[in-house]
Amino acid sequence: MRYENLIADARDAELTESTRVRAAFDAIYCCSPELESLAQSLSALGLNADDASLVTQLADWVLNIAPRGPLPMSPSEAVALAERVRKVTGGR
């Protein structure tokens, strides 16, 4: 899927909050380079320490907890994070 489709799902208030947060994570992953592992791909984004920590928390939730709660952040926070990542990466 493309970033635009995923971020639209992340903004869609008719979807569940966990679906929206997951869509925001997938949008972030679309901005990352394809490396050997998810961790390597996400660490190569070149984010500031705060956003890198949030992406790590989000990835941990996606891999180990999703779709159950608690959510690592609200859908609106996840969308804002995805938008910051896209801006930093130039929309790879």
# chains A, B, ... in the order shown; residues from 1 in each chain; ligands from 1
>>> select_by_dssp(residues="stretch 21-89 of chain A", states="helix (DSSP H, G or I)", output="JSON, numbers by chain")
{"A": [21, 22, 23, 24, 25, 26, 27, 28, 29, 30, 38, 39, 40, 41, 42, 43, 49, 50, 51, 52, 53, 54, 55, 56, 57, 58, 59, 60, 61, 62, 63, 64, 75, 76, 77, 78, 79, 80, 81, 82, 83, 84, 85, 86, 87, 88, 89]}
>>> residues_around(residues="stretch 20-37 of chain A", least_positions_apart="6", cutoff="8 Å", atoms="only C-alpha atoms", output="JSON, numbers by chain")
{"A": [2, 3, 4, 6, 7, 9, 10, 11, 12, 44, 45, 55, 58, 59, 62, 66, 71, 73, 74, 75, 78, 79, 82, 85, 86, 89, 91, 92]}
>>> atom_distance(atom1="atom CA of A:Pro72", atom2="atom CA of A:Gln57")
6.5 Å
>>> closest_residue(among="A:Ala13, A:Leu63, A:Met1, A:Ala39", to="A:Ser76", atoms="only C-alpha atoms")
A:Ala13
>>> atom_distance(atom1="atom CA of A:Glu17", atom2="atom CA of A:Val88")
25.2 Å
>>> atom_distance(atom1="atom CA of A:Thr56", atom2="atom CA of A:Leu15")
23.4 Å
